[in-house]
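Coordinates from entry_39.cif are shown below (mmCIF, C-alpha atoms).
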data_upload
#
loop_
_atom_site.label_atom_id
_atom_site.label_comp_id
_atom_site.auth_asym_id
_atom_site.auth_seq_id
_atom_site.Cartn_x
_atom_site.Cartn_y
_atom_site.Cartn_z
CA MET A 211 80.97 145.97 66.15
CA ARG A 212 83.53 143.37 65.08
CA ARG A 213 82.10 139.96 64.15
CA PHE A 214 83.67 136.52 64.25
CA SER A 215 82.89 133.03 63.01
CA ALA A 216 81.88 130.21 65.34
CA GLU A 217 85.05 128.34 64.37
CA TYR A 218 87.27 131.30 65.26
CA LEU A 219 85.58 131.79 68.64
CA ALA A 220 85.75 128.10 69.53
CA ASP A 221 89.47 128.04 68.72
CA THR A 222 90.47 131.26 70.49
CA ARG A 223 88.46 130.48 73.66
CA ARG A 224 89.68 126.88 73.89
CA GLY A 225 90.98 126.16 77.39
CA LEU A 226 89.98 129.52 78.86
CA TRP A 227 87.93 127.96 81.66
CA ALA A 228 90.06 124.92 82.49
CA ASP A 229 90.70 126.83 85.73
CA ARG A 230 87.63 128.62 87.11
CA THR A 231 88.97 130.22 90.28
CA ALA A 232 88.65 133.65 88.65
CA LEU A 233 84.85 133.20 88.65
CA ALA A 234 84.73 133.22 92.45
CA GLY A 235 83.69 136.88 92.56
CA LEU A 236 80.49 136.09 90.68
CA ASP A 237 79.07 134.42 93.81
CA LEU A 238 77.59 131.73 91.58
CA GLY A 239 76.15 129.72 94.46
CA ASN A 240 73.62 132.51 95.05
CA ARG A 241 72.71 133.18 91.43
CA ARG A 242 69.32 132.15 90.07
CA SER A 243 69.17 133.78 86.62
CA ILE A 244 72.16 134.74 84.46
CA LEU A 245 72.36 136.53 81.12
CA ASP A 246 75.46 135.93 78.99
CA VAL A 247 75.62 138.89 76.61
CA GLY A 248 77.49 138.48 73.33
CA CYS A 249 77.66 134.78 74.12
CA GLY A 250 79.29 133.71 70.86
CA THR A 251 79.41 129.92 70.84
CA GLY A 252 78.55 129.76 74.55
CA SER A 253 81.89 128.91 76.17
CA LEU A 254 81.29 131.18 79.19
CA ALA A 255 77.69 130.02 79.51
CA ALA A 256 78.84 126.38 79.53
CA ALA A 257 81.29 127.08 82.35
CA LEU A 258 78.63 128.96 84.33
CA ARG A 259 76.13 126.11 83.95
CA GLU A 260 78.65 123.70 85.39
CA GLU A 261 79.26 125.95 88.41
CA THR A 262 75.67 126.90 89.30
CA ASP A 263 72.08 125.70 89.20
CA ALA A 264 70.99 129.07 87.81
CA THR A 265 69.22 129.39 84.48
CA VAL A 266 71.78 130.76 82.01
CA THR A 267 70.33 132.62 79.03
CA CYS A 268 72.56 133.26 76.02
CA LEU A 269 72.17 136.47 74.01
CA ASP A 270 73.96 137.48 70.82
CA ALA A 271 73.34 139.80 67.89
CA ASP A 272 74.45 137.06 65.47
CA ALA A 273 71.79 134.41 64.87
CA THR A 274 74.36 132.06 63.34
CA LEU A 275 76.42 132.06 66.52
CA LEU A 276 73.32 131.41 68.64
CA GLU A 277 72.75 128.26 66.60
CA ALA A 278 76.14 127.00 67.82
CA VAL A 279 75.10 127.29 71.50
CA ASP A 280 74.32 123.76 72.62
CA ALA A 281 72.01 124.32 75.62
CA GLY A 282 69.67 126.67 77.45
CA PRO A 283 67.43 129.57 76.42
CA ARG A 284 68.68 131.98 73.76
CA LEU A 285 67.88 135.55 72.81
CA LEU A 286 68.74 137.51 69.68
CA GLY A 287 69.62 141.06 70.66
CA ASP A 288 72.01 143.99 70.82
CA ALA A 289 74.28 144.44 73.87
CA THR A 290 73.43 148.15 74.01
CA ARG A 291 69.67 147.59 73.77
CA LEU A 292 68.97 144.40 75.69
CA PRO A 293 65.48 143.00 74.98
CA VAL A 294 64.80 142.34 78.67
CA THR A 295 63.06 144.18 81.51
CA ASP A 296 64.84 146.06 84.28
CA GLY A 297 66.42 143.75 86.86
CA ALA A 298 65.39 140.62 84.97
CA PHE A 299 68.59 138.76 85.93
CA ASP A 300 70.68 138.65 89.08
CA LEU A 301 73.90 138.42 87.02
CA VAL A 302 74.55 139.95 83.61
CA ALA A 303 77.93 138.91 82.23
CA CYS A 304 79.97 139.03 79.05
CA GLN A 305 83.18 137.54 77.74
CA ALA A 306 85.46 139.30 75.22
CA LEU A 307 82.59 141.53 74.15
CA LEU A 308 83.43 145.06 75.35
CA VAL A 309 86.75 145.01 73.47
CA ASN A 310 84.74 144.67 70.26
CA LEU A 311 82.23 147.46 70.90
CA PRO A 312 82.68 151.09 69.84
CA SER A 313 80.97 152.22 73.07
CA PRO A 314 81.64 149.74 75.90
CA LEU A 315 80.28 152.12 78.56
CA GLU A 316 76.91 152.17 76.82
CA ALA A 317 76.78 148.38 77.07
CA VAL A 318 77.82 148.32 80.74
CA ARG A 319 75.05 150.77 81.60
CA GLU A 320 72.59 148.47 79.86
CA PHE A 321 73.96 145.49 81.81
CA ALA A 322 73.40 147.40 85.05
CA ARG A 323 69.81 148.13 84.03
CA ALA A 324 69.11 144.47 83.29
CA SER A 325 70.67 143.14 86.52
CA SER A 326 69.23 143.13 90.03
CA ALA A 327 72.54 142.23 91.68
CA LEU A 328 75.84 141.76 89.81
CA VAL A 329 77.47 142.70 86.52
CA ALA A 330 80.61 140.92 85.31
CA ALA A 331 82.91 141.29 82.30
CA VAL A 332 85.68 138.93 81.25
CA GLU A 333 87.82 140.98 78.88
CA PRO A 334 91.32 140.50 77.41
CA ASP A 335 94.18 142.95 77.19
CA ASN A 336 95.32 142.04 73.69
CA GLY A 337 98.10 144.59 73.87
CA ALA A 338 99.78 142.58 76.62
CA VAL A 339 99.78 139.20 74.84
CA THR A 340 103.18 137.46 74.97
CA VAL A 341 104.59 134.73 72.75
CA GLU A 342 107.55 132.44 73.38
CA SER A 343 108.71 130.18 70.56
CA THR A 344 111.54 127.91 69.50
CA VAL A 345 111.49 129.81 66.19
CA PRO A 346 113.72 132.86 66.86
CA ASP A 347 111.70 135.43 64.87
CA GLU A 348 108.17 134.35 65.86
CA ALA A 349 107.80 136.42 69.04
CA ARG A 350 109.21 139.56 67.37
CA LEU A 351 107.05 139.27 64.26
CA ALA A 352 103.93 138.48 66.29
CA ALA A 353 104.53 141.60 68.38
CA GLN A 354 105.05 143.73 65.26
CA ALA A 355 101.85 142.49 63.66
CA ARG A 356 99.89 142.84 66.90
CA THR A 357 100.97 146.46 67.38
CA ALA A 358 99.84 147.43 63.87
CA TYR A 359 96.64 145.42 64.13
CA LEU A 360 95.56 146.99 67.43
CA ALA A 361 96.37 150.47 66.11
CA GLY A 362 94.18 149.79 63.08
CA LEU A 363 91.09 148.73 65.00
CA GLU A 364 88.20 151.09 65.67
CA THR A 365 87.65 149.52 69.11
CA ASP A 366 89.90 149.20 72.17
CA ALA A 367 91.10 145.58 72.10
CA SER A 368 93.40 146.27 75.07
CA LEU A 369 90.52 147.30 77.32
CA GLY A 370 90.68 144.36 79.74
CA ALA A 371 92.67 145.84 82.62
CA SER A 372 90.72 149.13 82.59
CA VAL A 373 87.15 147.80 82.48
CA ALA A 374 86.72 148.85 86.13
CA SER A 375 86.63 152.51 85.06
CA ARG A 376 83.60 151.79 82.86
CA PHE A 377 81.92 149.98 85.75
CA ASP A 378 82.53 153.01 87.99
CA ALA A 379 81.17 155.35 85.32
CA ALA A 380 78.04 153.19 85.02
CA GLY A 381 77.37 153.60 88.75
CA LEU A 382 78.28 150.06 89.82
CA ARG A 383 79.60 149.60 93.37
CA ASP A 384 82.24 147.42 95.07
CA VAL A 385 84.05 146.92 91.77
CA THR A 386 86.83 144.31 91.78
CA THR A 387 89.13 142.99 89.06
CA ARG A 388 90.99 139.69 88.94
CA ARG A 389 93.49 138.63 86.28
CA HIS A 390 92.95 135.28 84.57
CA ASP A 391 95.45 134.20 81.91
CA LEU A 392 94.68 132.00 78.95
CA VAL A 393 97.85 130.03 78.25
CA ARG A 394 97.98 128.17 74.96
CA GLU A 395 100.88 125.79 74.48
CA THR A 396 101.99 124.00 71.33
CA GLY A 397 104.37 121.07 71.56
CA PRO A 398 104.71 117.38 70.74
CA PRO A 399 102.63 115.34 70.33
CA TYR A 400 100.95 117.77 67.94
CA ASP A 401 97.23 117.68 67.27
CA PRO A 402 95.53 118.66 63.99
CA ARG A 403 94.94 122.21 65.27
CA ASP A 404 98.69 122.64 65.79
CA VAL A 405 99.42 121.44 62.26
CA GLU A 406 96.81 123.79 60.80
CA SER A 407 98.15 126.72 62.84
CA VAL A 408 101.68 126.18 61.51
CA ARG A 409 100.34 125.79 57.97
CA ARG A 410 98.70 129.19 58.33
CA LEU A 411 101.99 130.65 59.54
CA ALA A 412 103.84 129.27 56.53
CA THR A 413 101.31 130.73 54.09
CA ALA A 414 100.78 133.97 56.09
CA SER A 415 97.07 133.46 55.40
CA ARG A 416 95.84 135.05 58.62
CA LEU A 417 98.14 138.02 58.07
CA VAL A 418 96.62 138.50 54.61
CA GLU A 419 93.09 138.27 56.06
CA HIS A 420 93.90 141.24 58.28
CA GLU A 421 95.84 143.31 55.73
CA ALA A 422 93.31 146.18 55.73
CA THR A 423 93.48 146.53 59.51
CA LEU A 424 97.28 146.28 59.54
CA ARG A 425 97.51 148.97 56.86
CA ALA A 426 95.08 151.16 58.85
CA GLY A 427 97.41 150.68 61.82
CA GLY A 428 100.34 152.28 60.03
CA LEU A 429 101.90 149.64 57.77
CA THR A 430 102.63 150.88 54.28
CA ALA A 431 102.12 148.60 51.29
CA ASP A 432 105.87 147.92 51.21
CA GLY A 433 105.91 147.42 54.97
CA PHE A 434 103.13 144.86 54.74
CA GLU A 435 104.93 142.95 51.98
CA ARG A 436 108.14 142.89 54.01
CA LEU A 437 106.22 141.63 57.03
CA ARG A 438 104.47 138.97 54.97
CA GLY A 439 107.77 137.75 53.52
CA ALA A 440 109.37 137.53 56.96
CA TRP A 441 106.22 135.86 58.32
CA ARG A 442 106.29 133.16 55.66
CA ARG A 443 109.99 132.46 56.32
CA MET A 444 109.21 132.20 60.02
CA GLY A 445 106.31 129.88 59.25
CA ARG A 446 108.49 127.61 57.13
CA ALA A 447 110.98 127.39 60.00
CA ALA A 448 108.11 126.44 62.32
CA ALA A 449 106.97 123.78 59.84
CA GLU A 450 110.47 122.30 59.71
CA GLN A 451 110.59 122.16 63.50
CA LEU A 452 107.13 120.62 63.58
CA GLN A 453 108.25 117.84 61.27
CA ALA A 454 111.31 117.27 63.45
CA GLY A 455 109.18 117.25 66.60
CA THR A 456 111.05 120.19 68.15
CA TYR A 457 108.58 123.06 67.68
CA ARG A 458 107.27 124.61 70.88
CA ARG A 459 105.23 127.76 71.37
CA THR A 460 103.56 129.38 74.37
CA GLU A 461 101.07 132.23 74.03
CA ARG A 462 99.77 134.01 77.11
CA VAL A 463 96.64 136.16 76.78
CA PRO A 464 95.77 138.13 79.94
CA PHE A 465 92.04 138.30 80.66
CA TYR A 466 90.53 140.38 83.47
CA VAL A 467 87.38 139.38 85.35
CA THR A 468 85.72 142.59 86.56
CA VAL A 469 82.68 142.39 88.86
CA GLY A 470 80.46 145.18 90.17
CA ARG A 471 77.33 145.38 92.26
CA VAL A 472 74.18 147.18 91.10
#
Give the structure from this file in structure tokens form.
Amino acid sequence: MRRFSAEYLADTRRGLWADRTALAGLDLGNRRSILDVGCGTGSLAAALREETDATVTCLDADATLLEAVDAGPRLLGDATRLPVTDGAFDLVACQALLVNLPSPLEAVREFARASSALVAAVEPDNGAVTVESTVPDEARLAAQARTAYLAGLETDASLGASVASRFDAAGLRDVTTRRHDLVRETGPPYDPRDVESVRRLATASRLVEHEATLRAGGLTADGFERLRGAWRRMGRAAAEQLQAGTYRRTERVPFYVTVGRV
């Protein structure tokens, strides 16, 4: 299973639940006990707590991430071997978890065991991410890196739109899926996160962090060096635009909210 830092999760989930209409299928008004599996820093749990009076329990296999959850009961545990009794919750949910598991169906079956009513998964299709930028090469280079990165992963990070098939295979009924996009916009006035993001572009630091995965996805050593050089030039152009107050970027990450009945 892929693991992430609390800082990374907080940054990449920022703004995801500014609009909560996609949670309508969870019938939150009738929920009494909810389990958020693979909770990370608790962004989904926080949104659920604001929409329902149910008790929301956070579960994660990473004790450090559980420490970052700011409210409610917490459990340390594996998504494929939940430390709870059958039907202990009337909603078992996850957010951006199945895309990081080698066997998502195994986890969904465990969710169905632990729920007495509903199972829900909020999962991205990282293969369908789009970028628009005032820097001409940014969208092209981001797409090139994303293609290699996804090919190098051992999990299906583009799973989002097809989660319903796992729900069907796990025996869940009345399965529905609703698209919910996370749109992240950068533009003046810039905040410190924007400045740091452009700094990372200019140094290609995140690209270097993922070199092994990019190489596993088909980039040769020379190909990676060419990409890194082009990435740094693109980053410097973004930094120049940032200083001039003209840099703008829009990233759209499609998430899919899939709900099934036990």
*Quick one: residues within 9 Å of A:Val345, all atoms listed in the file counted, chain neighbours fewer than 2 positions away excluded, as number ranges by chain?*
A: 342-343, 347-349, 444-445, 447-448, 451, 457-459
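Evaluated against this file, the PyMOL selection byres ((chain A and resi 216-226) around 9) yields Phe214, Ser215, Trp227, Ala228, Asp229, Arg230, Gly250, Thr251, Gly252, Ser253, Leu254, Thr274, Leu275, Ala278, His390, Asp391, Leu392, Val393, Arg394 and Arg403 of chain A.
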*From the list A:Arg438, A:Glu364, A:Leu308, A:Gly427, which residue is nearest A:Ser415 when using only C-alpha atoms?*
A:Arg438
For the file shown, report as an mmCIF file with C-alpha atoms, in the frame of the given file the outcome of the PyMOL selection byres ((chain A and resi 233) around 10) at residue level.
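Now in expr.cif:
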data_model
loop_
_atom_site.group_PDB
_atom_site.id
_atom_site.type_symbol
_atom_site.label_atom_id
_atom_site.label_comp_id
_atom_site.auth_asym_id
_atom_site.auth_seq_id
_atom_site.Cartn_x
_atom_site.Cartn_y
_atom_site.Cartn_z
ATOM 1 C CA TRP A 227 87.930 127.960 81.660
ATOM 2 C CA ASP A 229 90.700 126.830 85.730
ATOM 3 C CA ARG A 230 87.630 128.620 87.110
ATOM 4 C CA THR A 231 88.970 130.220 90.280
ATOM 5 C CA ALA A 232 88.650 133.650 88.650
ATOM 6 C CA ALA A 234 84.730 133.220 92.450
ATOM 7 C CA GLY A 235 83.690 136.880 92.560
ATOM 8 C CA LEU A 236 80.490 136.090 90.680
ATOM 9 C CA ASP A 237 79.070 134.420 93.810
ATOM 10 C CA LEU A 238 77.590 131.730 91.580
ATOM 11 C CA ALA A 257 81.290 127.080 82.350
ATOM 12 C CA LEU A 258 78.630 128.960 84.330
ATOM 13 C CA GLU A 261 79.260 125.950 88.410
ATOM 14 C CA ALA A 330 80.610 140.920 85.310
ATOM 15 C CA VAL A 332 85.680 138.930 81.250
ATOM 16 C CA ARG A 388 90.990 139.690 88.940
ATOM 17 C CA HIS A 390 92.950 135.280 84.570
ATOM 18 C CA VAL A 467 87.380 139.380 85.350
ATOM 19 C CA THR A 468 85.720 142.590 86.560
ATOM 20 C CA VAL A 469 82.680 142.390 88.860
#
*Could you tell me which residues the PyMOL selection byres ((chain A and resi 262-265) around 12) grabs in this file, written as number ranges by chain?*
A: 233-234, 236-246, 255-261, 266-268, 281-284, 298-302
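Taking atom CA of A:Val247 as the reference point, atom CA of A:Cys304 is found at 5.0 Å.
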_For a test of reading the model, state the distance in Å between atom CA of A:Ala273 and atom CA of A:Pro293, rounded to one decimal._
14.7 Å
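Each of A:Asp280, A:Arg350, A:Gln305, A:Arg383 was checked against A:Gly248 using all atoms listed in the file; the smallest atom-to-atom distance is that of A:Gln305.
Our summary of the geometry notes that atom CA of A:Arg442 is positioned 14.3 Å from atom CA of A:Gln354.
Take the candidates A:Leu424, A:Ala289, A:Val341, A:Glu450 and check each one against A:Glu395 using only C-alpha atoms; the shortest distance goes to A:Val341.
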*Which of these, A:Ala271, A:Ala426, A:Val318, A:Ala303, has the shortest distance to A:Ala380 once you count all atoms listed in the file?*
A:Val318
Please write C-alpha atoms of stretch 234-362 of chain A, from the structure given just now, as a compact mmCIF listing (two decimals), in the first residue's frame.
# COMPACT_ATOMS: atom_id res chain seq x y z
CA ALA A 234 -26.27 13.33 -0.93
CA GLY A 235 -26.31 9.62 -1.77
CA LEU A 236 -24.91 8.76 1.65
CA ASP A 237 -28.28 9.60 3.24
CA LEU A 238 -26.42 11.23 6.11
CA GLY A 239 -29.56 12.35 7.91
CA ASN A 240 -30.32 8.70 8.71
CA ARG A 241 -26.81 7.63 9.69
CA ARG A 242 -25.96 6.90 13.32
CA SER A 243 -22.48 5.36 13.16
CA ILE A 244 -19.90 5.90 10.40
CA LEU A 245 -16.47 4.38 9.85
CA ASP A 246 -14.00 6.37 7.74
CA VAL A 247 -11.45 3.81 6.54
CA GLY A 248 -7.99 5.02 5.57
CA CYS A 249 -8.95 8.36 7.06
CA GLY A 250 -5.57 10.04 6.60
CA THR A 251 -5.74 13.43 8.30
CA GLY A 252 -9.54 13.20 8.60
CA SER A 253 -10.76 15.56 5.87
CA LEU A 254 -13.69 13.32 4.89
CA ALA A 255 -14.55 12.63 8.53
CA ALA A 256 -14.62 16.37 9.25
CA ALA A 257 -17.06 16.96 6.39
CA LEU A 258 -19.26 14.07 7.54
CA ARG A 259 -19.36 15.37 11.11
CA GLU A 260 -20.60 18.72 9.86
CA GLU A 261 -23.38 17.07 7.84
CA THR A 262 -24.67 14.53 10.39
CA ASP A 263 -25.11 13.87 14.09
CA ALA A 264 -23.69 10.37 13.64
CA THR A 265 -20.60 9.20 15.49
CA VAL A 266 -17.75 9.19 12.97
CA THR A 267 -14.88 6.83 13.77
CA CYS A 268 -11.57 7.29 11.95
CA LEU A 269 -9.46 4.25 11.05
CA ASP A 270 -6.01 4.18 9.47
CA ALA A 271 -3.06 1.81 9.32
CA ASP A 272 -0.68 4.71 9.99
CA ALA A 273 -0.57 5.76 13.64
CA THR A 274 1.14 9.05 12.73
CA LEU A 275 -1.74 10.06 10.49
CA LEU A 276 -4.27 9.18 13.20
CA GLU A 277 -2.51 11.65 15.47
CA ALA A 278 -3.34 14.40 12.95
CA VAL A 279 -7.10 13.69 13.20
CA ASP A 280 -8.52 16.44 15.39
CA ALA A 281 -11.75 14.88 16.71
CA GLY A 282 -13.73 11.72 17.38
CA PRO A 283 -12.84 8.10 18.10
CA ARG A 284 -9.91 6.54 16.25
CA LEU A 285 -8.88 3.00 15.38
CA LEU A 286 -5.56 1.65 14.15
CA GLY A 287 -6.21 -1.03 11.57
CA ASP A 288 -5.90 -2.47 8.08
CA ALA A 289 -8.59 -1.75 5.46
CA THR A 290 -8.64 -5.41 4.42
CA ARG A 291 -8.92 -6.72 8.00
CA LEU A 292 -11.09 -4.21 9.84
CA PRO A 293 -10.91 -4.66 13.64
CA VAL A 294 -14.70 -4.36 14.02
CA THR A 295 -17.63 -6.76 14.27
CA ASP A 296 -20.04 -7.54 11.44
CA GLY A 297 -22.51 -4.72 10.80
CA ALA A 298 -20.96 -2.48 13.44
CA PHE A 299 -21.59 0.69 11.41
CA ASP A 300 -24.44 1.83 9.19
CA LEU A 301 -22.01 3.53 6.79
CA VAL A 302 -18.46 2.45 5.98
CA ALA A 303 -16.71 4.96 3.73
CA CYS A 304 -13.30 5.78 2.34
CA GLN A 305 -11.66 8.61 0.44
CA ALA A 306 -8.78 8.12 -2.02
CA LEU A 307 -7.97 4.77 -0.43
CA LEU A 308 -8.84 2.09 -3.00
CA VAL A 309 -6.56 3.69 -5.60
CA ASN A 310 -3.66 2.99 -3.24
CA LEU A 311 -4.46 -0.65 -2.46
CA PRO A 312 -3.15 -3.64 -4.42
CA SER A 313 -6.51 -5.41 -3.92
CA PRO A 314 -9.36 -2.88 -3.73
CA LEU A 315 -12.04 -5.58 -4.05
CA GLU A 316 -10.75 -7.25 -0.90
CA ALA A 317 -11.22 -3.98 0.97
CA VAL A 318 -14.72 -3.38 -0.42
CA ARG A 319 -15.80 -6.85 0.71
CA GLU A 320 -14.53 -6.02 4.18
CA PHE A 321 -16.44 -2.72 4.13
CA ALA A 322 -19.62 -4.62 3.25
CA ARG A 323 -19.03 -6.99 6.18
CA ALA A 324 -18.60 -4.11 8.61
CA SER A 325 -21.67 -2.17 7.44
CA SER A 326 -25.32 -2.80 8.20
CA ALA A 327 -26.58 -0.40 5.52
CA LEU A 328 -24.32 1.55 3.14
CA VAL A 329 -20.80 1.46 1.74
CA ALA A 330 -19.30 4.51 0.01
CA ALA A 331 -16.00 5.24 -1.74
CA VAL A 332 -14.74 8.63 -2.88
CA GLU A 333 -12.00 7.81 -5.38
CA PRO A 334 -10.12 9.88 -7.99
CA ASP A 335 -9.39 9.09 -11.61
CA ASN A 336 -5.83 10.39 -11.68
CA GLY A 337 -5.51 9.47 -15.32
CA ALA A 338 -8.12 12.08 -16.22
CA VAL A 339 -6.55 15.03 -14.37
CA THR A 340 -6.34 18.17 -16.52
CA VAL A 341 -4.10 21.22 -16.15
CA GLU A 342 -4.47 24.65 -17.72
CA SER A 343 -1.66 27.15 -17.26
CA THR A 344 -0.37 30.48 -18.50
CA VAL A 345 3.01 28.75 -18.89
CA PRO A 346 2.80 27.14 -22.36
CA ASP A 347 4.65 23.89 -21.55
CA GLU A 348 3.16 23.17 -18.11
CA ALA A 349 0.08 21.22 -19.21
CA ARG A 350 2.09 19.11 -21.69
CA LEU A 351 4.87 18.29 -19.24
CA ALA A 352 2.41 17.53 -16.44
CA ALA A 353 0.59 15.09 -18.73
CA GLN A 354 3.87 13.43 -19.75
CA ALA A 355 4.97 12.97 -16.15
CA ARG A 356 1.53 11.77 -15.07
CA THR A 357 1.40 9.11 -17.80
CA ALA A 358 4.78 7.67 -16.78
CA TYR A 359 4.00 7.93 -13.07
CA LEU A 360 0.68 6.07 -13.35
CA ALA A 361 2.28 3.38 -15.51
CA GLY A 362 4.96 2.89 -12.86
